[in-house]
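Undergrad: Next comes the structure file final-v2.tsv, holding TSV, C-alpha atoms.
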chain	number	residue	atom	x	y	z
X	1	MET	CA	0.52	20.48	43.50
X	2	THR	CA	-0.84	24.00	44.10
X	3	MET	CA	-1.26	26.57	41.35
X	4	LEU	CA	1.64	28.68	42.65
X	5	SER	CA	4.02	25.71	42.78
X	6	ALA	CA	3.23	24.99	39.13
X	7	PHE	CA	5.05	28.24	38.25
X	8	HIS	CA	8.30	27.07	39.90
X	9	PRO	CA	11.16	27.20	37.33
X	10	ALA	CA	11.68	23.45	37.70
X	11	ARG	CA	8.13	22.81	36.46
X	12	PHE	CA	7.39	25.79	34.20
X	13	ASP	CA	9.25	26.17	30.88
X	14	TYR	CA	9.75	29.95	30.95
X	15	PRO	CA	12.06	30.23	27.89
X	16	ARG	CA	9.66	28.41	25.56
X	17	PHE	CA	6.68	30.27	26.98
X	18	ALA	CA	8.48	33.59	26.43
X	19	LEU	CA	9.18	32.53	22.84
X	20	ALA	CA	5.49	31.66	22.38
X	21	LEU	CA	4.45	35.07	23.75
X	22	GLY	CA	6.90	36.78	21.40
X	23	ILE	CA	5.55	34.93	18.37
X	24	GLY	CA	2.00	35.58	19.53
X	25	GLY	CA	2.89	39.26	19.82
X	26	LEU	CA	4.14	39.27	16.22
X	27	GLY	CA	0.85	37.70	15.11
X	28	THR	CA	-1.05	40.36	17.04
X	29	ALA	CA	1.03	43.13	15.45
X	30	ALA	CA	0.32	41.71	11.98
X	31	PHE	CA	-3.42	41.65	12.68
X	32	LEU	CA	-3.33	45.20	14.06
X	33	TYR	CA	-1.45	46.40	10.96
X	34	MET	CA	-3.95	44.70	8.63
X	35	GLY	CA	-6.95	45.91	10.66
X	36	TRP	CA	-8.19	42.35	11.13
X	37	PRO	CA	-10.60	41.46	13.96
X	38	LEU	CA	-9.66	40.37	17.51
X	39	PRO	CA	-5.90	40.75	16.96
X	40	TRP	CA	-4.84	40.01	20.53
X	41	MET	CA	-6.50	36.60	20.55
X	42	LEU	CA	-6.80	35.61	16.89
X	43	GLY	CA	-3.42	36.89	15.73
X	44	ALA	CA	-1.60	35.21	18.61
X	45	MET	CA	-3.52	31.95	18.10
X	46	LEU	CA	-2.75	31.63	14.39
X	47	ALA	CA	0.88	32.67	14.78
X	48	CYS	CA	1.52	30.07	17.50
X	49	THR	CA	-0.35	27.41	15.54
X	50	LEU	CA	2.00	27.94	12.60
X	51	ALA	CA	5.02	27.98	14.93
X	52	ALA	CA	3.95	24.68	16.46
X	53	LEU	CA	3.51	23.04	13.06
X	54	VAL	CA	6.99	24.04	11.83
X	55	ALA	CA	8.52	22.69	15.06
X	56	ILE	CA	9.56	26.01	16.60
X	57	PRO	CA	10.06	25.14	20.30
X	58	VAL	CA	7.08	27.07	21.70
X	59	ARG	CA	5.15	25.98	24.75
X	60	ALA	CA	2.27	27.34	26.81
X	61	PRO	CA	1.59	25.31	29.96
X	62	MET	CA	-2.17	25.18	30.59
X	63	ILE	CA	-1.62	26.55	34.11
X	64	VAL	CA	-1.38	30.06	32.58
X	65	ARG	CA	-4.94	29.85	31.24
X	66	PRO	CA	-6.95	30.03	34.55
X	67	PRO	CA	-5.62	33.46	35.67
X	68	MET	CA	-6.38	34.90	32.23
X	69	SER	CA	-9.86	33.31	32.30
X	70	VAL	CA	-10.47	35.08	35.63
X	71	VAL	CA	-9.67	38.46	34.02
X	72	LEU	CA	-12.02	37.77	31.10
X	73	GLY	CA	-14.72	36.51	33.48
X	74	VAL	CA	-14.63	39.77	35.44
X	75	LEU	CA	-14.75	41.69	32.14
X	76	LEU	CA	-17.76	39.71	30.88
X	77	GLY	CA	-19.62	40.16	34.17
X	78	ALA	CA	-19.12	43.92	33.92
X	79	SER	CA	-21.42	43.89	30.85
X	80	PHE	CA	-24.43	42.58	32.83
X	81	SER	CA	-27.40	44.93	33.20
X	82	ALA	CA	-30.83	44.88	34.87
X	83	ASP	CA	-32.47	45.19	31.44
X	84	MET	CA	-30.70	42.02	30.32
X	85	VAL	CA	-31.96	40.08	33.36
X	86	SER	CA	-35.53	41.13	32.60
X	87	ARG	CA	-35.28	39.58	29.11
X	88	MET	CA	-34.03	36.14	30.18
X	89	GLY	CA	-37.50	34.61	29.80
X	90	ALA	CA	-37.22	35.16	26.05
X	91	TRP	CA	-34.33	32.70	25.93
X	92	ILE	CA	-36.51	29.62	26.58
X	93	PRO	CA	-37.31	28.93	22.88
X	94	THR	CA	-33.62	29.04	21.90
X	95	LEU	CA	-32.62	26.82	24.83
X	96	VAL	CA	-35.24	24.28	23.75
X	97	GLY	CA	-34.07	24.62	20.14
X	98	LEU	CA	-30.52	23.98	21.33
X	99	MET	CA	-31.43	20.41	22.25
X	100	LEU	CA	-32.74	19.71	18.75
X	101	PHE	CA	-29.67	21.41	17.25
X	102	LEU	CA	-27.36	19.12	19.24
X	103	LEU	CA	-29.23	16.00	18.13
X	104	VAL	CA	-29.22	16.98	14.44
X	105	SER	CA	-25.68	18.34	14.18
X	106	GLY	CA	-24.16	15.70	16.48
X	107	ALA	CA	-25.73	12.81	14.54
X	108	ALA	CA	-24.61	14.32	11.22
X	109	CYS	CA	-21.02	14.72	12.44
X	110	VAL	CA	-20.84	11.18	13.82
X	111	VAL	CA	-22.03	9.75	10.50
X	112	TYR	CA	-19.56	11.99	8.67
X	113	PHE	CA	-16.54	10.83	10.71
X	114	ARG	CA	-17.69	7.21	10.46
X	115	LYS	CA	-18.38	7.12	6.71
X	116	ILE	CA	-16.06	9.78	5.30
X	117	GLY	CA	-13.26	9.71	7.87
X	118	GLY	CA	-13.31	5.94	8.37
X	119	TYR	CA	-13.04	6.32	12.15
X	120	ASP	CA	-14.07	3.49	14.45
X	121	LEU	CA	-17.38	4.05	16.26
X	122	PRO	CA	-16.06	5.36	19.61
X	123	THR	CA	-13.64	7.78	17.93
X	124	ALA	CA	-16.23	8.97	15.38
X	125	TYR	CA	-18.88	9.41	18.07
X	126	PHE	CA	-16.88	11.42	20.60
X	127	ALA	CA	-15.08	13.41	17.87
X	128	GLY	CA	-18.46	14.35	16.41
X	129	MET	CA	-20.13	15.43	19.65
X	130	PRO	CA	-20.08	19.26	19.96
X	131	GLY	CA	-19.09	19.18	23.62
X	132	GLY	CA	-16.10	20.23	25.69
X	133	LEU	CA	-12.69	19.07	24.48
X	134	ILE	CA	-11.45	17.55	27.74
X	135	GLU	CA	-14.75	15.85	28.53
X	136	MET	CA	-15.06	14.26	25.07
X	137	VAL	CA	-11.44	13.04	25.15
X	138	LEU	CA	-11.89	11.38	28.56
X	139	LEU	CA	-15.24	9.79	27.67
X	140	GLY	CA	-13.95	8.64	24.27
X	141	GLN	CA	-10.80	7.14	25.73
X	142	ALA	CA	-12.83	5.27	28.37
X	143	ARG	CA	-14.97	3.76	25.59
X	144	GLY	CA	-12.00	2.63	23.49
X	145	GLY	CA	-11.65	5.64	21.18
X	146	ASP	CA	-8.43	7.22	19.90
X	147	ALA	CA	-7.87	9.98	22.48
X	148	ARG	CA	-5.25	11.86	20.44
X	149	ARG	CA	-7.43	11.92	17.33
X	150	ILE	CA	-10.49	13.06	19.32
X	151	ALA	CA	-8.44	15.83	20.96
X	152	LEU	CA	-7.06	16.98	17.60
X	153	VAL	CA	-10.51	17.10	15.98
X	154	HIS	CA	-11.96	19.18	18.81
X	155	SER	CA	-8.92	21.48	18.92
X	156	ILE	CA	-9.24	22.12	15.19
X	157	ARG	CA	-13.01	22.66	15.54
X	158	ILE	CA	-12.37	25.43	18.07
X	159	LEU	CA	-9.53	26.86	15.95
X	160	LEU	CA	-11.74	26.99	12.83
X	161	THR	CA	-14.69	28.47	14.71
X	162	VAL	CA	-12.68	31.21	16.38
X	163	SER	CA	-10.88	31.99	13.11
X	164	CYS	CA	-14.00	32.12	10.92
X	165	LEU	CA	-16.61	33.75	13.18
X	166	PRO	CA	-15.14	37.28	13.03
X	167	PHE	CA	-15.46	37.15	9.23
X	168	LEU	CA	-18.79	35.26	9.13
X	169	ILE	CA	-20.68	37.53	11.53
X	170	PRO	CA	-20.71	40.58	9.19
X	171	ALA	CA	-22.08	38.34	6.40
X	172	LEU	CA	-25.06	37.50	8.66
X	173	GLY	CA	-25.85	41.16	9.17
X	174	GLY	CA	-23.84	41.76	12.31
X	175	GLY	CA	-21.45	44.62	12.85
X	176	ASP	CA	-17.71	44.43	12.31
X	177	ILE	CA	-15.92	43.05	15.36
X	178	GLY	CA	-13.11	45.54	14.90
X	179	THR	CA	-9.76	45.31	16.62
X	180	GLY	CA	-10.83	44.23	20.09
X	181	ALA	CA	-13.50	43.59	22.67
X	182	ALA	CA	-14.94	46.44	24.69
X	183	THR	CA	-12.62	47.10	27.64
X	184	GLY	CA	-12.16	49.48	30.51
X	185	ALA	CA	-10.05	52.59	30.92
X	186	PRO	CA	-6.25	52.62	30.63
X	187	ILE	CA	-4.48	50.96	33.54
X	188	GLY	CA	-3.28	54.29	34.90
X	189	GLY	CA	-6.81	55.70	35.07
X	190	ALA	CA	-8.31	53.11	37.43
X	191	SER	CA	-9.00	54.12	41.05
X	192	LEU	CA	-7.75	52.01	43.95
X	193	GLU	CA	-11.32	51.20	44.97
X	194	SER	CA	-12.27	49.91	41.53
X	195	VAL	CA	-9.08	47.81	41.33
X	196	LEU	CA	-9.89	46.23	44.71
X	197	TRP	CA	-13.43	45.41	43.52
X	198	LEU	CA	-12.07	43.76	40.38
X	199	ILE	CA	-9.47	41.73	42.28
X	200	GLY	CA	-12.01	40.73	44.92
X	201	THR	CA	-14.64	39.55	42.42
X	202	GLY	CA	-11.98	37.62	40.53
X	203	ILE	CA	-10.69	35.78	43.60
X	204	VAL	CA	-14.10	35.13	45.18
X	205	GLY	CA	-15.56	34.09	41.84
X	206	ALA	CA	-12.72	31.65	41.11
X	207	ILE	CA	-13.12	30.03	44.55
X	208	LEU	CA	-16.90	29.73	44.15
X	209	GLY	CA	-16.50	28.37	40.62
X	210	ARG	CA	-14.28	25.59	41.95
X	211	ARG	CA	-16.45	24.87	45.00
X	212	LEU	CA	-19.65	24.72	42.90
X	213	LYS	CA	-17.88	22.61	40.24
X	214	LEU	CA	-19.05	24.89	37.45
X	215	PRO	CA	-17.94	24.15	33.87
X	216	ALA	CA	-15.05	26.54	33.10
X	217	PRO	CA	-14.97	27.58	36.80
X	218	TYR	CA	-12.28	30.24	36.37
X	219	LEU	CA	-14.41	32.01	33.79
X	220	LEU	CA	-17.97	31.47	35.04
X	221	GLY	CA	-17.28	32.02	38.75
X	222	PRO	CA	-15.70	35.47	38.27
X	223	MET	CA	-18.28	36.34	35.60
X	224	ILE	CA	-21.14	35.64	38.01
X	225	ALA	CA	-19.44	37.46	40.90
X	226	SER	CA	-18.64	40.45	38.69
X	227	GLY	CA	-22.19	40.42	37.29
X	228	VAL	CA	-23.66	40.52	40.81
X	229	VAL	CA	-21.59	43.50	42.00
X	230	HIS	CA	-22.23	45.40	38.76
X	231	LEU	CA	-25.98	44.70	38.86
X	232	ALA	CA	-26.02	45.83	42.51
X	233	GLY	CA	-24.30	49.07	41.50
X	234	TRP	CA	-21.37	48.60	43.87
X	235	THR	CA	-18.93	49.24	41.03
X	236	HIS	CA	-19.19	50.19	37.36
X	237	THR	CA	-15.58	49.59	36.37
X	238	ALA	CA	-14.27	47.05	33.86
X	239	PRO	CA	-10.71	45.65	33.99
X	240	PRO	CA	-8.10	47.99	32.45
X	241	ARG	CA	-7.71	47.46	28.73
X	242	GLU	CA	-4.02	46.54	28.94
X	243	ILE	CA	-4.84	43.65	31.31
X	244	VAL	CA	-7.61	42.47	28.98
X	245	TRP	CA	-5.29	42.62	25.97
X	246	LEU	CA	-2.73	40.52	27.87
X	247	ALA	CA	-5.41	37.99	28.82
X	248	GLN	CA	-6.51	37.66	25.21
X	249	LEU	CA	-2.89	37.32	24.05
X	250	VAL	CA	-2.18	34.49	26.51
X	251	LEU	CA	-5.47	32.79	25.61
X	252	GLY	CA	-4.56	32.90	21.92
X	253	VAL	CA	-1.07	31.57	22.63
X	254	THR	CA	-2.42	28.61	24.65
X	255	LEU	CA	-4.86	27.75	21.86
X	256	GLY	CA	-2.12	27.79	19.23
X	257	CYS	CA	0.33	25.79	21.34
X	258	ARG	CA	-2.14	22.92	21.65
X	259	PHE	CA	-0.76	21.70	18.33
X	260	VAL	CA	2.82	21.33	19.58
X	261	GLY	CA	4.06	17.84	18.72
X	262	THR	CA	1.51	17.29	15.96
X	263	ALA	CA	3.06	16.11	12.70
X	264	PRO	CA	2.19	18.47	9.80
X	265	SER	CA	0.86	15.54	7.72
X	266	GLU	CA	-1.44	14.43	10.55
X	267	MET	CA	-2.54	18.01	11.11
X	268	LEU	CA	-3.30	18.52	7.41
X	269	ARG	CA	-5.35	15.34	7.09
X	270	THR	CA	-7.30	16.03	10.29
X	271	LEU	CA	-7.72	19.68	9.30
X	272	VAL	CA	-9.30	18.73	5.97
X	273	LEU	CA	-11.56	16.17	7.64
X	274	SER	CA	-12.45	18.50	10.52
X	275	PHE	CA	-13.32	21.28	8.09
X	276	GLY	CA	-16.18	19.13	6.79
X	277	SER	CA	-17.56	18.62	10.30
X	278	PHE	CA	-17.09	22.34	11.01
X	279	LEU	CA	-19.19	23.17	7.93
X	280	ILE	CA	-21.91	20.79	9.17
X	281	LEU	CA	-21.94	22.43	12.61
X	282	ILE	CA	-21.77	26.05	11.44
X	283	ALA	CA	-24.39	25.49	8.70
X	284	SER	CA	-26.68	23.87	11.27
X	285	ALA	CA	-26.11	26.76	13.70
X	286	VAL	CA	-26.92	29.37	11.05
X	287	GLY	CA	-29.96	27.41	9.84
X	288	PHE	CA	-31.35	27.12	13.36
X	289	ALA	CA	-30.55	30.80	13.96
X	290	PHE	CA	-32.64	31.92	10.99
X	291	ALA	CA	-35.51	29.62	12.00
X	292	LEU	CA	-35.51	30.75	15.63
X	293	ALA	CA	-35.08	34.42	14.73
X	294	ALA	CA	-38.25	34.12	12.63
X	295	LEU	CA	-40.13	32.65	15.62
X	296	THR	CA	-38.78	34.95	18.34
X	297	ALA	CA	-37.73	38.56	18.81
X	298	LEU	CA	-34.05	37.55	18.87
X	299	ASP	CA	-31.73	38.44	16.00
X	300	VAL	CA	-29.93	35.94	13.78
X	301	VAL	CA	-26.41	36.97	14.82
X	302	SER	CA	-27.07	36.47	18.56
X	303	VAL	CA	-28.54	32.99	18.08
X	304	ALA	CA	-25.86	31.94	15.58
X	305	LEU	CA	-23.12	32.95	18.02
X	306	ALA	CA	-24.92	31.17	20.88
X	307	TYR	CA	-25.04	27.97	18.79
X	308	ALA	CA	-21.57	28.32	17.20
X	309	PRO	CA	-19.36	25.25	17.91
X	310	GLY	CA	-16.58	27.18	19.60
X	311	GLY	CA	-15.25	27.42	23.15
X	312	LEU	CA	-17.13	29.26	25.89
X	313	VAL	CA	-14.35	31.77	26.52
X	314	GLU	CA	-13.71	32.54	22.86
X	315	THR	CA	-17.35	32.98	21.83
X	316	SER	CA	-18.00	35.14	24.90
X	317	VAL	CA	-15.14	37.47	23.93
X	318	ILE	CA	-16.57	37.70	20.40
X	319	ALA	CA	-20.03	38.46	21.85
X	320	LEU	CA	-18.55	41.26	23.93
X	321	ALA	CA	-16.80	42.71	20.89
X	322	LEU	CA	-20.13	42.71	19.02
X	323	GLN	CA	-21.97	44.16	22.03
X	324	ILE	CA	-24.25	41.13	22.09
X	325	GLU	CA	-25.58	40.03	25.49
X	326	VAL	CA	-22.72	37.96	26.87
X	327	ALA	CA	-25.00	36.19	29.35
X	328	PHE	CA	-27.21	34.98	26.47
X	329	VAL	CA	-24.28	33.51	24.54
X	330	ALA	CA	-22.54	32.09	27.63
X	331	THR	CA	-25.73	30.49	28.97
X	332	HIS	CA	-26.32	28.60	25.72
X	333	HIS	CA	-22.73	27.35	25.59
X	334	ILE	CA	-22.89	26.21	29.22
X	335	VAL	CA	-26.13	24.34	28.53
X	336	ARG	CA	-24.59	22.83	25.38
X	337	VAL	CA	-21.59	21.47	27.27
X	338	VAL	CA	-23.73	20.16	30.16
X	339	LEU	CA	-26.24	18.48	27.83
X	340	VAL	CA	-23.53	16.77	25.78
X	341	MET	CA	-21.67	15.66	28.92
X	342	ALA	CA	-24.86	14.24	30.46
X	343	ALA	CA	-26.24	12.54	27.35
X	344	ALA	CA	-23.18	11.46	25.31
X	345	ALA	CA	-22.19	8.39	27.33
X	346	PRO	CA	-25.75	6.97	27.82
X	347	ILE	CA	-26.58	7.40	24.13
X	348	PHE	CA	-23.30	5.76	23.11
X	349	GLY	CA	-24.06	2.85	25.44
X	350	TRP	CA	-27.48	2.46	23.82
X	351	MET	CA	-25.86	2.49	20.35
X	352	GLU	CA	-23.39	-0.20	21.36
X	353	ARG	CA	-26.16	-2.42	22.70
X	354	ARG	CA	-27.99	-2.12	19.37
X	355	LYS	CA	-24.95	-3.22	17.32
X	356	PRO	CA	-25.44	-6.65	15.80
X	357	SER	CA	-23.21	-9.36	17.25
X	358	PRO	CA	-20.29	-10.40	15.01
If you took the structure in this file and wrote it as structure tokens, what would it be?

TA:
Amino acid sequence: MTMLSAFHPARFDYPRFALALGIGGLGTAAFLYMGWPLPWMLGAMLACTLAALVAIPVRAPMIVRPPMSVVLGVLLGASFSADMVSRMGAWIPTLVGLMLFLLVSGAACVVYFRKIGGYDLPTAYFAGMPGGLIEMVLLGQARGGDARRIALVHSIRILLTVSCLPFLIPALGGGDIGTGAATGAPIGGASLESVLWLIGTGIVGAILGRRLKLPAPYLLGPMIASGVVHLAGWTHTAPPREIVWLAQLVLGVTLGCRFVGTAPSEMLRTLVLSFGSFLILIASAVGFAFALAALTALDVVSVALAYAPGGLVETSVIALALQIEVAFVATHHIVRVVLVMAAAAPIFGWMERRKPSP
């Protein structure tokens, strides 16, 4: 089934998606009124999460996420600069530190879910690994884990991270995120040439991302393509702000609608349990950030955001809002996902072989 055919009315639930967008819009409006950070993504996400838990018939098919990821990828690539490229060598200590961070925080979370949560070993292990949601669910299910429970834990981890980071960052000495990420000019002020560049980098980047089998291909492919054309000086335009706001709104709606069909009692129990693992991960990230900031020229906020246990798209948007080097944050999250994907299954196999026979 092609992407376009997935939007056929027989396959796409337009009424429920429209309802989800409306509720997400109300959440965004509430955040804008209160002056809270990242309203288009965070307000929509929390509003749709609540709607899902009280059984309002919202739905956001995941097919809507790739086009919005393309928009955000082009936006993130527009922030690349030659000065940033020249500083990439300084990232080596934090990339090395990332491996130690994953070992420490991952082991602590696995023990936590095993001892405190009472999960069986496969479920505790793949729920505790700070990797990608889909990858951990598939690996955990193949090893005999509870796929639904693993998915719920990782979804809540991302929800907690995205919800808390905008309020945690100022406490670490970072600036206020404000009401949105840096964006381009209004949609009516963009020239035809700049629009064609943006569309072209989005399409070419998405195709390359798929062909190269990049993690999060619809984000990373366009981000790389956009970064190349901006570094080359062929264009200096970012996507119009209204398009970026829409992309963030849809992203927030899809995150919130992940909890459709989850019983409130199950959500509450897993939320309480997941909050403990979130504290382990975020405390580890902040601890490593302070240690690495003392050893390098990097600041605490940048390293903490690069190590934060959230999704690649969400943390990149937060980095852009803080005017932190998006490439630095994105690179660390890509390496985190790749390392966990590559090492999780072999390490679990080694653990199983070491278990005493019954």

Undergrad: Please list as a PyMOL selection string every residue within 12 Å of Ala108 of chain X, counting all atoms listed in the file and excluding residues in the same chain fewer than 4 positions away.

TA: chain X and resi 101-104+112-116+124-125+127-130+276-281+283-284

Undergrad: Using only C-alpha atoms, I'd like a table of the residues in segment 158-266 of chain X that come within 12 Å of segment 69-78 of chain X; for each, show the closest atom pair and its distance in Å rounded to one decimal, ordered by chain and ascending number, as a tab-separated table.

TA:
residue	atom	partner	partner_atom	distance
X:Ala181	CA	X:Leu75	CA	9.7
X:Ala182	CA	X:Leu75	CA	8.8
X:Thr183	CA	X:Leu75	CA	7.4
X:Gly184	CA	X:Leu75	CA	8.4
X:Ala185	CA	X:Leu75	CA	11.9
X:Ser194	CA	X:Ala78	CA	11.9
X:Val195	CA	X:Val74	CA	11.4
X:Trp197	CA	X:Val74	CA	9.9
X:Leu198	CA	X:Val74	CA	6.8
X:Ile199	CA	X:Val74	CA	8.8
X:Gly200	CA	X:Val74	CA	9.9
X:Thr201	CA	X:Val74	CA	7.0
X:Gly202	CA	X:Val70	CA	5.7
X:Ile203	CA	X:Val70	CA	8.0
X:Val204	CA	X:Val70	CA	10.2
X:Gly205	CA	X:Val70	CA	8.1
X:Ala206	CA	X:Val70	CA	6.8
X:Ile207	CA	X:Val70	CA	10.6
X:Leu208	CA	X:Val70	CA	11.9
X:Gly209	CA	X:Val70	CA	10.3
X:Ala216	CA	X:Ser69	CA	8.6
X:Pro217	CA	X:Val70	CA	8.8
X:Tyr218	CA	X:Val70	CA	5.2
X:Leu219	CA	X:Gly73	CA	4.5
X:Leu220	CA	X:Gly73	CA	6.2
X:Gly221	CA	X:Gly73	CA	7.4
X:Pro222	CA	X:Gly73	CA	5.0
X:Met223	CA	X:Gly73	CA	4.1
X:Ile224	CA	X:Gly77	CA	6.1
X:Ala225	CA	X:Gly77	CA	7.3
X:Ser226	CA	X:Gly77	CA	4.6
X:Gly227	CA	X:Gly77	CA	4.1
X:Val228	CA	X:Gly77	CA	7.8
X:Val229	CA	X:Ala78	CA	8.5
X:His230	CA	X:Ala78	CA	5.9
X:Leu231	CA	X:Ala78	CA	8.5
X:Ala232	CA	X:Ala78	CA	11.2
X:Gly233	CA	X:Ala78	CA	10.5
X:Trp234	CA	X:Ala78	CA	11.2
X:Thr235	CA	X:Ala78	CA	8.9
X:His236	CA	X:Ala78	CA	7.2
X:Thr237	CA	X:Ala78	CA	7.1
X:Ala238	CA	X:Leu75	CA	5.6
X:Pro239	CA	X:Leu75	CA	6.0
X:Pro240	CA	X:Leu75	CA	9.2
X:Arg241	CA	X:Leu75	CA	9.7
X:Glu242	CA	X:Val71	CA	11.1
X:Ile243	CA	X:Val71	CA	7.6
X:Val244	CA	X:Val71	CA	6.8
X:Trp245	CA	X:Leu72	CA	9.8
X:Leu246	CA	X:Val71	CA	9.5
X:Ala247	CA	X:Val71	CA	6.7
X:Gln248	CA	X:Leu72	CA	8.1
X:Leu249	CA	X:Ser69	CA	11.5
X:Val250	CA	X:Ser69	CA	9.7
X:Leu251	CA	X:Ser69	CA	8.0
X:Gly252	CA	X:Ser69	CA	11.7
X:Thr254	CA	X:Ser69	CA	11.7

Undergrad: Please identify all polymer residues within 12 Å of Leu53 of chain X, counting all atoms listed in the file, omitting same-chain residues fewer than 3 positions from it, and present them as a ChimeraX atom specification.

TA: /X:46-50,56-58,256-268

Undergrad: List as a ChimeraX atom specification the protein and nucleic acid residues near segment 141-152 of chain X, meaning an atom at most 7 Å away when only C-alpha atoms are counted, but skip any in the same chain fewer than 5 places from it.

TA: /X:122-123,126-127,133

Undergrad: For atom CA of Thr296 of chain X and atom CA of Ile92 of chain X, quote the distance in Å rounded to one decimal.

TA: 10.1 Å

Undergrad: X:Asp299, X:Glu314, X:Glu352, X:Glu325: which is nearest Ser163 of chain X, counting all atoms listed in the file?

TA: X:Glu314

Undergrad: For a test of reading the model, state the distance in Å between atom CA of Ala289 of chain X and atom CA of Gly35 of chain X, rounded to one decimal.

TA: 28.2 Å

Undergrad: Which residues are close to Gly311 of chain X, i.e. within 9 Å by only C-alpha atoms, leaving aside same-chain residues fewer than 4 positions away? Reply as a list in words.

TA: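 After dropping sequence-adjacent residues, the list is Gly132, Leu133, Ile158, Thr161, Val162, Thr315, Ser316 and His333 of chain X.
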
Undergrad: Can you measure atom CA of Leu196 of chain X to atom CA of Phe7 of chain X for me? One decimal in Å is fine.

TA: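 About the pair atom CA of Leu196 of chain X and atom CA of Phe7 of chain X: they are 24.3 Å apart.
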
Undergrad: Measuring atom to atom with all atoms listed in the file, identify which of X:Arg11, X:Met99, X:Gly27, X:Ser81 is nearest to Leu339 of chain X.

TA: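 That would be X:Met99, the residue with the smallest distance to Leu339 of chain X.
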
Undergrad: Nearest residue to Phe12 of chain X out of X:Leu98, X:Val85, X:Ala344, X:Met62, using all atoms listed in the file?

TA: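 Of all the options, X:Met62 lies closest to Phe12 of chain X.
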
Undergrad: List the spatial neighbours of Gly43 of chain X as number ranges by chain - criterion: any atom at most 9 Å away, all atoms listed in the file, same-chain residues fewer than 2 positions off excluded.

TA: X: 24-32, 36-41, 45-48, 249, 252
